[in-house]
$ cat protein_17.cif   # mmCIF, C-alpha atoms
data_target
#
loop_
_atom_site.label_atom_id
_atom_site.label_comp_id
_atom_site.auth_asym_id
_atom_site.auth_seq_id
_atom_site.Cartn_x
_atom_site.Cartn_y
_atom_site.Cartn_z
CA MET F 1 -47.64 -52.31 -13.17
CA ASN F 2 -51.24 -53.40 -12.82
CA ASP F 3 -52.64 -55.09 -9.72
CA LEU F 4 -51.83 -58.65 -10.80
CA GLU F 5 -48.24 -57.73 -11.65
CA THR F 6 -47.89 -56.04 -8.26
CA ARG F 7 -49.20 -59.13 -6.46
CA ALA F 8 -46.89 -61.41 -8.42
CA ALA F 9 -43.91 -59.26 -7.58
CA ALA F 10 -44.85 -59.19 -3.91
CA ALA F 11 -45.26 -62.96 -3.78
CA ARG F 12 -41.98 -64.04 -5.31
CA PRO F 13 -40.94 -67.62 -4.51
CA GLY F 14 -38.07 -66.24 -2.41
CA ALA F 15 -40.51 -64.45 -0.07
CA LEU F 16 -40.20 -66.94 2.77
CA ARG F 17 -41.37 -64.68 5.59
CA PRO F 18 -45.10 -64.67 4.66
CA ALA F 19 -45.02 -68.48 4.55
CA ALA F 20 -43.26 -68.87 7.90
CA PRO F 21 -46.43 -69.46 10.00
CA ALA F 22 -47.62 -72.11 7.56
CA LEU F 23 -44.25 -73.86 7.50
CA LEU F 24 -43.89 -73.77 11.28
CA GLY F 25 -47.37 -75.21 11.68
CA TYR F 26 -46.62 -77.86 9.09
CA ALA F 27 -43.35 -78.82 10.79
CA ALA F 28 -45.15 -79.11 14.13
CA VAL F 29 -47.78 -81.47 12.69
CA ARG F 30 -45.16 -83.64 11.01
CA ALA F 31 -43.02 -83.71 14.16
CA LEU F 32 -46.06 -84.86 16.14
CA GLY F 33 -46.65 -87.62 13.61
CA LEU F 34 -43.03 -88.82 13.84
CA VAL F 35 -43.02 -88.77 17.66
CA VAL F 36 -46.24 -90.79 17.86
CA LEU F 37 -44.89 -93.22 15.26
CA ALA F 38 -41.67 -93.68 17.24
CA LEU F 39 -43.55 -94.34 20.48
CA TRP F 40 -46.06 -96.68 18.83
CA SER F 41 -43.38 -98.62 16.94
CA GLY F 42 -41.16 -98.86 20.03
CA ALA F 43 -44.03 -100.34 22.01
CA ARG F 44 -44.39 -103.02 19.34
CA GLY F 45 -40.68 -103.71 19.10
CA LYS F 46 -40.34 -102.18 15.64
CA SER F 47 -38.10 -99.48 14.23
CA ALA F 48 -39.98 -96.36 13.14
CA TYR F 49 -37.05 -95.37 10.93
CA THR F 50 -37.18 -98.71 9.12
CA LEU F 51 -40.88 -98.24 8.51
CA LEU F 52 -40.17 -94.83 7.01
CA THR F 53 -37.15 -95.71 4.88
CA ALA F 54 -36.82 -99.44 4.24
CA ARG F 55 -40.21 -100.97 3.48
CA TRP F 56 -42.59 -101.10 0.54
CA ASP F 57 -41.79 -98.68 -2.32
CA SER F 58 -38.88 -97.09 -0.47
CA LEU F 59 -36.94 -100.33 -0.94
CA TRP F 60 -37.51 -100.21 -4.68
CA TYR F 61 -36.29 -96.63 -4.87
CA THR F 62 -33.10 -97.39 -2.93
CA ARG F 63 -32.41 -100.40 -5.15
CA VAL F 64 -32.64 -98.16 -8.20
CA ALA F 65 -30.29 -95.66 -6.55
CA GLU F 66 -27.79 -98.36 -5.64
CA LEU F 67 -27.97 -100.81 -8.53
CA GLY F 68 -29.67 -98.92 -11.34
CA TYR F 69 -32.49 -100.28 -13.44
CA GLY F 70 -32.92 -103.92 -14.41
CA TYR F 71 -33.93 -105.50 -11.08
CA GLU F 72 -37.16 -107.50 -11.14
CA VAL F 73 -39.06 -110.04 -9.10
CA ARG F 74 -40.96 -112.90 -10.74
CA LEU F 75 -43.94 -114.04 -8.71
CA PRO F 76 -45.36 -117.59 -8.68
CA ASN F 77 -48.46 -116.44 -10.58
CA GLY F 78 -46.32 -115.20 -13.48
CA ASP F 79 -46.40 -111.48 -12.66
CA VAL F 80 -43.14 -109.61 -13.11
CA HIS F 81 -42.41 -106.70 -10.76
CA SER F 82 -39.76 -104.59 -12.48
CA ASN F 83 -38.10 -101.55 -10.95
CA LEU F 84 -38.62 -99.82 -14.30
CA ALA F 85 -42.07 -98.95 -12.94
CA PHE F 86 -40.42 -96.41 -10.60
CA PHE F 87 -39.53 -93.05 -12.10
CA PRO F 88 -35.93 -91.90 -11.63
CA LEU F 89 -35.84 -88.46 -9.99
CA LEU F 90 -36.04 -89.63 -6.36
CA PRO F 91 -33.37 -92.36 -6.84
CA TRP F 92 -31.15 -89.81 -8.58
CA LEU F 93 -31.46 -87.49 -5.59
CA GLU F 94 -30.83 -90.37 -3.17
CA ARG F 95 -27.66 -91.20 -5.08
CA LEU F 96 -26.61 -87.54 -5.01
CA VAL F 97 -27.07 -87.29 -1.22
CA ALA F 98 -25.10 -90.50 -0.70
CA ALA F 99 -22.33 -89.22 -2.98
CA VAL F 100 -21.81 -85.93 -1.14
CA SER F 101 -22.38 -87.18 2.44
CA PRO F 102 -21.81 -90.26 4.62
CA LEU F 103 -25.54 -91.04 4.46
CA SER F 104 -26.89 -94.22 2.90
CA TYR F 105 -29.30 -94.27 -0.02
CA ALA F 106 -32.18 -94.90 2.41
CA ASP F 107 -31.02 -92.00 4.56
CA GLY F 108 -30.88 -89.86 1.44
CA GLY F 109 -34.47 -90.75 0.58
CA PHE F 110 -35.58 -89.72 4.05
CA VAL F 111 -33.71 -86.40 3.86
CA VAL F 112 -35.07 -85.67 0.37
CA SER F 113 -38.62 -86.41 1.50
CA LEU F 114 -38.34 -84.19 4.59
CA LEU F 115 -36.99 -81.26 2.58
CA ALA F 116 -39.43 -81.88 -0.27
CA SER F 117 -42.37 -81.97 2.14
CA LEU F 118 -41.42 -78.51 3.39
CA ALA F 119 -41.05 -77.31 -0.20
CA ALA F 120 -44.47 -78.80 -0.98
CA ALA F 121 -46.02 -77.03 2.01
CA TRP F 122 -44.44 -73.77 0.86
CA GLY F 123 -45.73 -74.27 -2.67
CA ILE F 124 -49.25 -75.04 -1.46
CA PHE F 125 -49.13 -71.88 0.64
CA ALA F 126 -47.92 -69.85 -2.34
CA VAL F 127 -50.82 -71.04 -4.51
CA ALA F 128 -53.48 -70.55 -1.83
CA ASP F 129 -52.08 -67.19 -0.71
CA HIS F 130 -51.95 -65.96 -4.30
CA LEU F 131 -55.60 -66.85 -4.86
CA TYR F 132 -57.30 -66.46 -1.50
CA GLY F 133 -54.98 -64.70 0.95
CA ARG F 134 -52.41 -65.59 3.59
CA ARG F 135 -54.81 -67.02 6.19
CA ALA F 136 -56.31 -69.39 3.64
CA GLY F 137 -52.77 -70.34 2.64
CA VAL F 138 -51.92 -71.33 6.20
CA CYS F 139 -55.14 -73.35 6.47
CA ALA F 140 -54.45 -75.13 3.17
CA VAL F 141 -51.00 -76.20 4.36
CA LEU F 142 -52.31 -77.45 7.70
CA LEU F 143 -55.12 -79.37 6.03
CA TRP F 144 -52.58 -81.08 3.78
CA ALA F 145 -50.44 -81.87 6.83
CA VAL F 146 -53.27 -83.50 8.81
CA LEU F 147 -54.51 -85.79 6.07
CA PRO F 148 -55.09 -89.30 7.48
CA VAL F 149 -52.21 -90.61 5.33
CA GLY F 150 -50.05 -87.56 6.00
CA ILE F 151 -47.29 -89.77 7.47
CA VAL F 152 -46.39 -90.66 3.87
CA GLN F 153 -45.09 -87.10 3.53
CA SER F 154 -42.25 -88.12 5.87
CA MET F 155 -41.49 -91.45 4.18
CA ALA F 156 -38.81 -92.14 1.58
CA TYR F 157 -41.54 -92.11 -1.05
CA SER F 158 -41.93 -89.78 -4.02
CA GLU F 159 -45.26 -88.17 -3.04
CA SER F 160 -43.70 -85.20 -1.23
CA LEU F 161 -41.19 -84.55 -4.01
CA PHE F 162 -43.90 -84.74 -6.64
CA THR F 163 -46.29 -82.48 -4.72
CA ALA F 164 -43.54 -79.88 -4.27
CA LEU F 165 -42.77 -79.81 -8.00
CA ALA F 166 -46.48 -79.77 -8.91
CA ALA F 167 -47.37 -76.98 -6.47
CA TRP F 168 -44.58 -74.71 -7.63
CA ALA F 169 -45.31 -75.49 -11.29
CA LEU F 170 -48.93 -74.45 -10.75
CA TYR F 171 -47.82 -71.31 -8.94
CA ALA F 172 -45.52 -70.50 -11.85
CA VAL F 173 -48.43 -70.91 -14.28
CA LEU F 174 -50.69 -68.70 -12.17
CA THR F 175 -48.07 -65.95 -12.12
CA GLY F 176 -47.15 -66.21 -15.81
CA ARG F 177 -43.69 -67.78 -15.35
CA TRP F 178 -44.06 -70.15 -18.28
CA VAL F 179 -40.50 -71.42 -18.64
CA THR F 180 -40.27 -72.13 -14.91
CA ALA F 181 -43.60 -73.94 -15.08
CA GLY F 182 -42.38 -76.04 -17.99
CA LEU F 183 -39.13 -76.98 -16.25
CA LEU F 184 -40.91 -77.95 -13.03
CA ALA F 185 -43.52 -79.92 -14.96
CA GLY F 186 -40.71 -81.76 -16.71
CA LEU F 187 -39.16 -82.68 -13.37
CA ALA F 188 -42.55 -83.76 -12.03
CA GLY F 189 -42.79 -86.02 -15.06
CA LEU F 190 -39.54 -87.68 -13.95
CA THR F 191 -40.96 -88.31 -10.48
CA ARG F 192 -44.24 -90.19 -10.88
CA PRO F 193 -46.51 -91.36 -13.73
CA VAL F 194 -49.08 -88.84 -12.52
CA GLY F 195 -46.71 -86.14 -13.73
CA LEU F 196 -49.08 -86.19 -16.68
CA ALA F 197 -51.41 -84.08 -14.51
CA VAL F 198 -48.90 -81.24 -14.25
CA VAL F 199 -48.21 -81.37 -17.99
CA ALA F 200 -51.95 -81.26 -18.67
CA ALA F 201 -52.33 -78.21 -16.40
CA VAL F 202 -49.56 -76.30 -18.18
CA TRP F 203 -50.96 -77.15 -21.59
CA ALA F 204 -54.53 -76.33 -20.61
CA ALA F 205 -53.45 -72.92 -19.35
CA GLY F 206 -51.34 -72.29 -22.44
CA VAL F 207 -54.03 -73.30 -24.90
CA ALA F 208 -56.63 -71.22 -23.03
CA ALA F 209 -54.33 -68.19 -23.21
CA PHE F 210 -53.80 -68.62 -26.95
CA LEU F 211 -57.53 -69.04 -27.57
CA ARG F 212 -58.33 -65.95 -25.55
CA GLU F 213 -55.77 -63.91 -27.48
CA ARG F 214 -57.15 -65.17 -30.79
CA SER F 215 -60.72 -64.31 -29.83
CA GLY F 216 -59.63 -60.89 -28.66
CA SER F 217 -61.23 -61.29 -25.24
CA SER F 218 -59.77 -59.63 -22.20
CA PHE F 219 -57.28 -61.26 -19.90
CA VAL F 220 -59.77 -61.52 -17.05
CA GLY F 221 -62.30 -64.30 -17.33
CA ASP F 222 -63.12 -68.00 -17.19
CA GLY F 223 -65.21 -67.73 -14.10
CA SER F 224 -62.78 -66.04 -11.74
CA ALA F 225 -63.19 -62.46 -12.86
CA VAL F 226 -64.92 -59.86 -10.75
CA PRO F 227 -67.36 -57.77 -12.81
CA ALA F 228 -66.65 -54.11 -13.33
CA GLY F 229 -67.42 -51.99 -10.31
CA GLY F 230 -67.22 -55.01 -8.02
CA ALA F 231 -70.86 -56.01 -8.53
CA ARG F 232 -71.66 -59.68 -8.38
CA GLY F 233 -74.17 -61.34 -10.63
CA ASP F 234 -76.42 -61.99 -7.66
CA GLY F 235 -76.77 -58.27 -7.00
CA HIS F 236 -74.34 -58.15 -4.09
CA ALA F 237 -71.09 -56.25 -3.98
CA GLY F 238 -67.73 -57.94 -4.32
CA PRO F 239 -66.64 -61.32 -5.64
CA PRO F 240 -68.54 -64.54 -4.96
CA PRO F 241 -67.71 -66.22 -1.63
CA GLY F 242 -64.53 -68.26 -1.97
CA ALA F 243 -63.74 -66.90 -5.42
CA PRO F 244 -60.04 -66.32 -6.21
CA ARG F 245 -58.82 -62.81 -5.43
CA THR F 246 -57.03 -62.45 -8.75
CA GLY F 247 -58.78 -62.26 -12.08
CA ALA F 248 -56.24 -64.63 -13.63
CA SER F 249 -57.80 -68.00 -14.15
CA ASP F 250 -55.15 -69.70 -16.24
CA GLY F 251 -51.89 -67.97 -15.49
CA ALA F 252 -51.62 -65.89 -18.65
CA PRO F 253 -49.61 -62.70 -18.16
CA PRO F 254 -51.60 -59.47 -17.73
CA SER F 255 -50.54 -58.31 -21.20
CA PRO F 256 -50.66 -61.31 -23.57
CA HIS F 257 -49.15 -59.24 -26.39
CA ALA F 258 -46.14 -58.09 -24.35
CA LEU F 259 -42.78 -58.68 -25.99
CA GLY F 260 -41.56 -62.22 -25.38
CA VAL F 261 -44.68 -63.56 -23.67
CA ARG F 262 -45.75 -65.91 -26.45
CA PRO F 263 -42.28 -67.42 -27.02
CA ARG F 264 -41.92 -68.07 -23.29
CA ARG F 265 -45.35 -69.66 -23.18
CA VAL F 266 -44.50 -71.91 -26.12
CA ALA F 267 -41.17 -72.80 -24.51
CA GLY F 268 -42.88 -73.72 -21.26
CA MET F 269 -45.43 -75.90 -23.03
CA LEU F 270 -42.71 -77.69 -24.99
CA LEU F 271 -40.57 -78.27 -21.90
CA ALA F 272 -43.43 -79.61 -19.76
CA PRO F 273 -43.78 -83.12 -21.26
CA LEU F 274 -40.07 -83.83 -21.81
CA GLY F 275 -39.45 -85.54 -18.46
CA ALA F 276 -42.29 -88.05 -18.61
CA ALA F 277 -41.97 -88.62 -22.35
CA GLY F 278 -38.22 -89.10 -22.11
CA TYR F 279 -38.45 -91.74 -19.39
CA VAL F 280 -41.37 -93.60 -20.95
CA LEU F 281 -39.63 -93.74 -24.33
CA TRP F 282 -36.40 -94.88 -22.67
CA VAL F 283 -38.25 -97.71 -20.91
CA GLY F 284 -39.88 -98.70 -24.18
CA ASP F 285 -36.52 -98.83 -25.90
CA ARG F 286 -34.93 -100.80 -23.05
CA THR F 287 -37.71 -103.37 -22.90
CA GLY F 288 -38.22 -103.57 -26.66
CA GLY F 289 -41.86 -102.66 -26.20
CA GLY F 290 -41.72 -99.42 -28.16
CA PRO F 291 -43.59 -96.28 -27.08
CA LEU F 292 -46.05 -98.38 -25.07
CA GLY F 293 -43.41 -100.46 -23.33
CA TYR F 294 -43.97 -98.70 -20.02
CA LEU F 295 -47.57 -99.90 -20.02
CA ASP F 296 -46.27 -103.47 -20.25
CA VAL F 297 -44.09 -102.82 -17.20
CA GLN F 298 -47.11 -101.53 -15.29
CA ALA F 299 -49.13 -104.52 -16.42
CA GLY F 300 -46.57 -106.73 -14.71
CA TRP F 301 -47.61 -105.03 -11.47
CA ARG F 302 -51.27 -105.45 -12.49
CA ASN F 303 -51.57 -101.69 -12.78
CA GLY F 304 -53.76 -100.20 -15.47
CA PHE F 305 -56.55 -97.73 -16.21
CA ASP F 306 -60.01 -99.27 -16.46
CA GLY F 307 -62.21 -96.27 -15.69
CA GLY F 308 -62.74 -97.40 -12.10
CA TYR F 309 -64.39 -100.74 -12.92
CA ALA F 310 -62.05 -102.84 -10.76
CA PHE F 311 -62.26 -100.37 -7.89
CA ALA F 312 -66.07 -100.44 -8.06
CA LEU F 313 -65.98 -104.25 -7.86
CA PHE F 314 -63.60 -104.01 -4.92
CA VAL F 315 -65.93 -101.63 -3.08
CA ALA F 316 -68.96 -103.77 -3.87
CA GLY F 317 -67.15 -106.78 -2.47
CA ARG F 318 -66.90 -105.08 0.92
CA PHE F 319 -70.70 -105.37 1.31
CA THR F 320 -70.74 -109.17 1.30
CA SER F 321 -70.51 -109.39 5.11
CA PHE F 322 -71.30 -107.12 8.01
CA PRO F 323 -67.84 -106.23 9.35
CA SER F 324 -66.43 -105.45 5.92
CA ALA F 325 -69.59 -103.53 5.00
CA LEU F 326 -68.44 -100.79 7.36
CA ALA F 327 -65.28 -100.46 5.28
CA GLY F 328 -67.43 -100.36 2.17
CA VAL F 329 -69.49 -97.51 3.59
CA ALA F 330 -66.31 -95.64 4.45
CA LEU F 331 -64.96 -96.12 0.92
CA VAL F 332 -68.18 -94.87 -0.66
CA ALA F 333 -68.20 -91.87 1.67
CA GLY F 334 -64.55 -91.14 0.87
CA VAL F 335 -65.10 -91.20 -2.88
CA ALA F 336 -68.23 -89.06 -2.51
CA LEU F 337 -66.25 -86.54 -0.47
CA VAL F 338 -63.52 -86.32 -3.12
CA VAL F 339 -66.07 -85.84 -5.90
CA TRP F 340 -67.96 -83.23 -3.86
CA LEU F 341 -64.77 -81.29 -3.20
CA TYR F 342 -63.93 -81.26 -6.89
CA VAL F 343 -67.43 -80.06 -7.80
CA LEU F 344 -67.05 -77.36 -5.17
CA CYS F 345 -63.74 -76.29 -6.75
CA VAL F 346 -65.48 -75.95 -10.11
CA ARG F 347 -68.43 -74.04 -8.68
CA ARG F 348 -66.13 -71.64 -6.82
CA GLY F 349 -64.34 -70.73 -10.05
CA GLN F 350 -60.98 -72.26 -9.20
CA PRO F 351 -58.37 -71.43 -11.89
CA LEU F 352 -58.31 -73.71 -14.91
CA PRO F 353 -54.82 -75.21 -14.37
CA LEU F 354 -55.71 -76.23 -10.82
CA LEU F 355 -58.95 -77.85 -11.97
CA VAL F 356 -57.17 -79.76 -14.71
CA TYR F 357 -54.40 -80.86 -12.38
CA ALA F 358 -56.65 -81.96 -9.52
CA GLY F 359 -59.10 -83.62 -11.90
CA THR F 360 -56.35 -85.61 -13.61
CA VAL F 361 -54.76 -86.71 -10.33
CA THR F 362 -58.14 -87.77 -8.99
CA ALA F 363 -59.12 -89.65 -12.14
CA LEU F 364 -55.82 -91.51 -12.32
CA ALA F 365 -56.01 -92.45 -8.63
CA LEU F 366 -59.62 -93.61 -8.56
CA CYS F 367 -59.64 -95.30 -11.95
CA ALA F 368 -56.48 -97.39 -11.56
CA SER F 369 -57.18 -101.10 -11.62
CA SER F 370 -54.94 -102.27 -8.78
CA TYR F 371 -53.52 -101.53 -5.32
CA PHE F 372 -56.78 -100.23 -3.93
CA GLY F 373 -55.22 -99.60 -0.53
CA SER F 374 -52.88 -97.07 -2.14
CA LYS F 375 -55.62 -94.77 -3.37
CA PRO F 376 -55.62 -92.42 -0.34
CA ARG F 377 -51.89 -91.69 -0.74
CA LEU F 378 -52.26 -91.44 -4.53
CA LEU F 379 -54.83 -88.70 -3.95
CA MET F 380 -52.55 -86.80 -1.57
CA PRO F 381 -50.94 -84.62 -4.31
CA ALA F 382 -54.41 -83.32 -5.30
CA PHE F 383 -54.08 -80.42 -2.85
CA PRO F 384 -56.37 -78.02 -4.83
CA LEU F 385 -59.27 -80.11 -3.53
CA LEU F 386 -58.47 -78.73 -0.07
CA LEU F 387 -58.69 -75.08 -1.06
CA PRO F 388 -62.48 -74.65 -0.61
CA LEU F 389 -62.14 -76.06 2.91
CA ALA F 390 -59.16 -73.80 3.55
CA VAL F 391 -61.16 -70.74 2.51
CA ALA F 392 -64.01 -71.75 4.83
CA LEU F 393 -61.65 -72.41 7.76
CA ALA F 394 -59.90 -69.09 7.21
CA ARG F 395 -63.10 -67.36 8.36
CA ALA F 396 -63.13 -69.23 11.70
CA GLN F 397 -61.89 -67.77 14.95
CA THR F 398 -58.22 -68.50 15.57
CA ARG F 399 -58.89 -70.28 18.88
CA LEU F 400 -61.48 -72.60 17.37
CA LEU F 401 -59.32 -73.19 14.30
CA ALA F 402 -56.30 -74.14 16.40
CA ALA F 403 -58.33 -76.48 18.60
CA GLY F 404 -59.98 -78.19 15.65
CA LEU F 405 -56.82 -78.66 13.60
CA GLY F 406 -54.90 -79.74 16.71
CA THR F 407 -57.44 -82.48 17.39
CA VAL F 408 -57.35 -83.66 13.78
CA ALA F 409 -53.53 -83.59 13.82
CA ALA F 410 -53.47 -85.86 16.88
CA ALA F 411 -55.92 -88.27 15.23
CA SER F 412 -53.87 -88.24 12.02
CA ALA F 413 -50.66 -88.98 13.95
CA ALA F 414 -52.31 -91.91 15.73
CA TYR F 415 -53.74 -93.29 12.51
CA GLY F 416 -50.41 -92.94 10.71
CA ALA F 417 -48.61 -94.87 13.45
CA PHE F 418 -51.30 -97.57 13.45
CA TRP F 419 -51.24 -97.78 9.64
CA LEU F 420 -47.46 -98.10 9.25
CA ASN F 421 -47.29 -100.69 11.99
CA GLY F 422 -50.03 -102.64 10.24
CA SER F 423 -50.74 -102.98 6.54
CA GLY F 424 -48.98 -99.75 5.60
CA PRO F 425 -48.99 -98.15 2.16
CA PRO F 426 -48.53 -100.81 -0.53
#
$ encode --input "protein_17.cif" --output "structure tokens"
Amino acid sequence: MNDLETRAAAARPGALRPAAPALLGYAAVRALGLVVLALWSGARGKSAYTLLTARWDSLWYTRVAELGYGYEVRLPNGDVHSNLAFFPLLPWLERLVAAVSPLSYADGGFVVSLLASLAAAWGIFAVADHLYGRRAGVCAVLLWAVLPVGIVQSMAYSESLFTALAAWALYAVLTGRWVTAGLLAGLAGLTRPVGLAVVAAVWAAGVAAFLRERSGSSFVGDGSAVPAGGARGDGHAGPPPGAPRTGASDGAPPSPHALGVRPRRVAGMLLAPLGAAGYVLWVGDRTGGGPLGYLDVQAGWRNGFDGGYAFALFVAGRFTSFPSALAGVALVAGVALVVWLYVLCVRRGQPLPLLVYAGTVTALALCASSYFGSKPRLLMPAFPLLLPLAVALARAQTRLLAAGLGTVAAASAAYGAFWLNGSGPP
């Protein structure tokens, strides 16, 4: 086997031991967040568990699990909020947990989210470790855990489930497991509308592999290859700082002409869109709206894609008075940070499927026309944006790294408790 095959074999998904430090650190951060939420909610006379399992979108998911599709709310302004807007995988799992245990549907959603958040952390570690090494993998997981809206990872929402499926699908692409990638992408497409991002990543990697084979170029390339002899283009030895360790930039197997590689790649690409396409077409048939019927359902929630126009107006509106102008500055800074991180991912030669995935998630989150307060949690699955920071933090001394991340974790826990006891995630 060549080096990439050896690395793939050594980093099989079942290799839990290398990920143990990352998972333990992740569990500690999430436990801190839950403890602070419980104390904060108790002081305000509220139930932390209710905030996690029986408010906002979690109620819609449990209604789907309990009653199926067809429930809707008609608002005085004429808007129709239909539960068809919520993809089915999480409610299916909630129903499964309730069927095999004494737990309620809401309890099932909480259990699924807790387990899925650990699976997501493991998947993020697998991707980062494969590309940049174990220490960077641990840092990537901890950065994802301490996000300001990280408390959502413990809610009966679909973000954790989706991130788990997306992370492992991307890992499967990076290691040439095309059928696995297609199956996971299909499940991601049954979880959230942004499952399109995972499908796009699988297809981008597949098309790039086919084009490279057709042109006769080598497997190594697309910005993540290390030149022969280890010399960098700037005259220094070794790969560029922060560049992926592997020469695989799109997940194609080391030998693209190996027996069975192309059929498996085609199979993976065909499987990837089946989940999202199947649900969208089913909704269109149920509503009578045809292939675009799901867009009508989203329109009832005033959701749409306008290229960011409505969000720009929303941000501009924050600058009409002094107190709200501070929020406007924070929004502008947040968007600038996200864009800067994506540009950094491109400049550092991040693999093509990760760039496509993160770019699609970011575009769909920032360019949606409604629910502006949801944008931070909608960006949460875009974990590849954290990888440049993870690589930088991996070079820090362990003592400083632990102190810094511990401080941020405490701030994130406090903010999560404040947020859920206030406006919360719409």
$ atom_distance --input "protein_17.cif" --atom1 "CA of Ala15 in chain F" --atom2 "CA of Ala166 in chain F"
18.7 Å
$ closest_residue --input "protein_17.cif" --among "F:Ala417, F:Leu84, F:Glu213, F:Ala136" --to "Leu401 in chain F" --atoms "all atoms listed in the file"
F:Ala136
$ closest_residue --input "protein_17.cif" --among "F:Pro351, F:Pro244, F:Pro21, F:Pro102" --to "Val173 in chain F" --atoms "only C-alpha atoms"
F:Pro351
$ residues_around --input "protein_17.cif" --residues "Thr360 in chain F" --least-positions-apart "5" --cutoff "9 Å" --atoms "all atoms listed in the file" --output "number ranges by chain"
F: 194, 196-198, 200-201, 355, 365, 382
$ write_last_selection --input "protein_17.cif" --atoms "C-alpha atoms" --output "short mmCIF file (atom, residue, chain, number, x, y, z; two decimals), keeping the file's coordinate frame"
data_model
loop_
_atom_site.label_atom_id
_atom_site.label_comp_id
_atom_site.auth_asym_id
_atom_site.auth_seq_id
_atom_site.Cartn_x
_atom_site.Cartn_y
_atom_site.Cartn_z
CA VAL F 194 -49.08 -88.84 -12.52
CA LEU F 196 -49.08 -86.19 -16.68
CA ALA F 197 -51.41 -84.08 -14.51
CA VAL F 198 -48.90 -81.24 -14.25
CA ALA F 200 -51.95 -81.26 -18.67
CA ALA F 201 -52.33 -78.21 -16.40
CA LEU F 355 -58.95 -77.85 -11.97
CA ALA F 365 -56.01 -92.45 -8.63
CA ALA F 382 -54.41 -83.32 -5.30
#
$ residues_near_point --input "protein_17.cif" --point "(-28.7, -92.2, -0.8)" --cutoff "8 Å" --atoms "only C-alpha atoms" --output "PyMOL selection string"
chain F and resi 62+65-66+91+93-99+103-109
$ resolve_selection --input "protein_17.cif" --expression "the PyMOL selection byres ((chain F and resi 155-164) around 7)" --output "PyMOL selection string"
chain F and resi 52-53+57-58+90+109-110+113+116-117+119-120+123+151-154+165-168+188+191-192+381
$ atom_distance --input "protein_17.cif" --atom1 "CA of Gly308 in chain F" --atom2 "CA of Gly373 in chain F"
14.0 Å
$ atom_distance --input "protein_17.cif" --atom1 "CA of Ala277 in chain F" --atom2 "CA of Ala85 in chain F"
14.0 Å
$ residues_near_point --input "protein_17.cif" --point "(-41.7, -72.3, 6.3)" --cutoff "12 Å" --atoms "all atoms listed in the file" --output "PDB file with C-alpha atoms, keeping the file's coordinate frame"
ATOM      1  CA  PRO F  13     -40.940 -67.620  -4.510  1.00  0.00           C
ATOM      2  CA  GLY F  14     -38.070 -66.240  -2.410  1.00  0.00           C
ATOM      3  CA  ALA F  15     -40.510 -64.450  -0.070  1.00  0.00           C
ATOM      4  CA  LEU F  16     -40.200 -66.940   2.770  1.00  0.00           C
ATOM      5  CA  ARG F  17     -41.370 -64.680   5.590  1.00  0.00           C
ATOM      6  CA  PRO F  18     -45.100 -64.670   4.660  1.00  0.00           C
ATOM      7  CA  ALA F  19     -45.020 -68.480   4.550  1.00  0.00           C
ATOM      8  CA  ALA F  20     -43.260 -68.870   7.900  1.00  0.00           C
ATOM      9  CA  PRO F  21     -46.430 -69.460  10.000  1.00  0.00           C
ATOM     10  CA  ALA F  22     -47.620 -72.110   7.560  1.00  0.00           C
ATOM     11  CA  LEU F  23     -44.250 -73.860   7.500  1.00  0.00           C
ATOM     12  CA  LEU F  24     -43.890 -73.770  11.280  1.00  0.00           C
ATOM     13  CA  GLY F  25     -47.370 -75.210  11.680  1.00  0.00           C
ATOM     14  CA  TYR F  26     -46.620 -77.860   9.090  1.00  0.00           C
ATOM     15  CA  ALA F  27     -43.350 -78.820  10.790  1.00  0.00           C
ATOM     16  CA  ALA F  28     -45.150 -79.110  14.130  1.00  0.00           C
ATOM     17  CA  LEU F 115     -36.990 -81.260   2.580  1.00  0.00           C
ATOM     18  CA  ALA F 116     -39.430 -81.880  -0.270  1.00  0.00           C
ATOM     19  CA  SER F 117     -42.370 -81.970   2.140  1.00  0.00           C
ATOM     20  CA  LEU F 118     -41.420 -78.510   3.390  1.00  0.00           C
ATOM     21  CA  ALA F 119     -41.050 -77.310  -0.200  1.00  0.00           C
ATOM     22  CA  ALA F 120     -44.470 -78.800  -0.980  1.00  0.00           C
ATOM     23  CA  ALA F 121     -46.020 -77.030   2.010  1.00  0.00           C
ATOM     24  CA  TRP F 122     -44.440 -73.770   0.860  1.00  0.00           C
ATOM     25  CA  GLY F 123     -45.730 -74.270  -2.670  1.00  0.00           C
ATOM     26  CA  ILE F 124     -49.250 -75.040  -1.460  1.00  0.00           C
ATOM     27  CA  PHE F 125     -49.130 -71.880   0.640  1.00  0.00           C
ATOM     28  CA  ALA F 126     -47.920 -69.850  -2.340  1.00  0.00           C
ATOM     29  CA  GLY F 137     -52.770 -70.340   2.640  1.00  0.00           C
ATOM     30  CA  VAL F 138     -51.920 -71.330   6.200  1.00  0.00           C
ATOM     31  CA  VAL F 141     -51.000 -76.200   4.360  1.00  0.00           C
ATOM     32  CA  LEU F 142     -52.310 -77.450   7.700  1.00  0.00           C
TER      33      LEU F 142
END
$ resolve_selection --input "protein_17.cif" --expression "the PyMOL selection byres ((chain F and resi 67-73) around 10)" --output "VMD selection string"
chain F and resid 60 to 66 74 to 76 78 to 86 88 91 to 92 283 286 to 287 300
$ resolve_selection --input "protein_17.cif" --expression "the PyMOL selection byres ((chain F and resi 379) around 9)" --output "NGL selection string"
:F and (358 or 361-362 or 364-366 or 374-378 or 380-383)
$ residues_around --input "protein_17.cif" --residues "Gly293 in chain F" --least-positions-apart "5" --cutoff "10 Å" --atoms "all atoms listed in the file" --output "ChimeraX atom specification"
/F:280-288,298-299
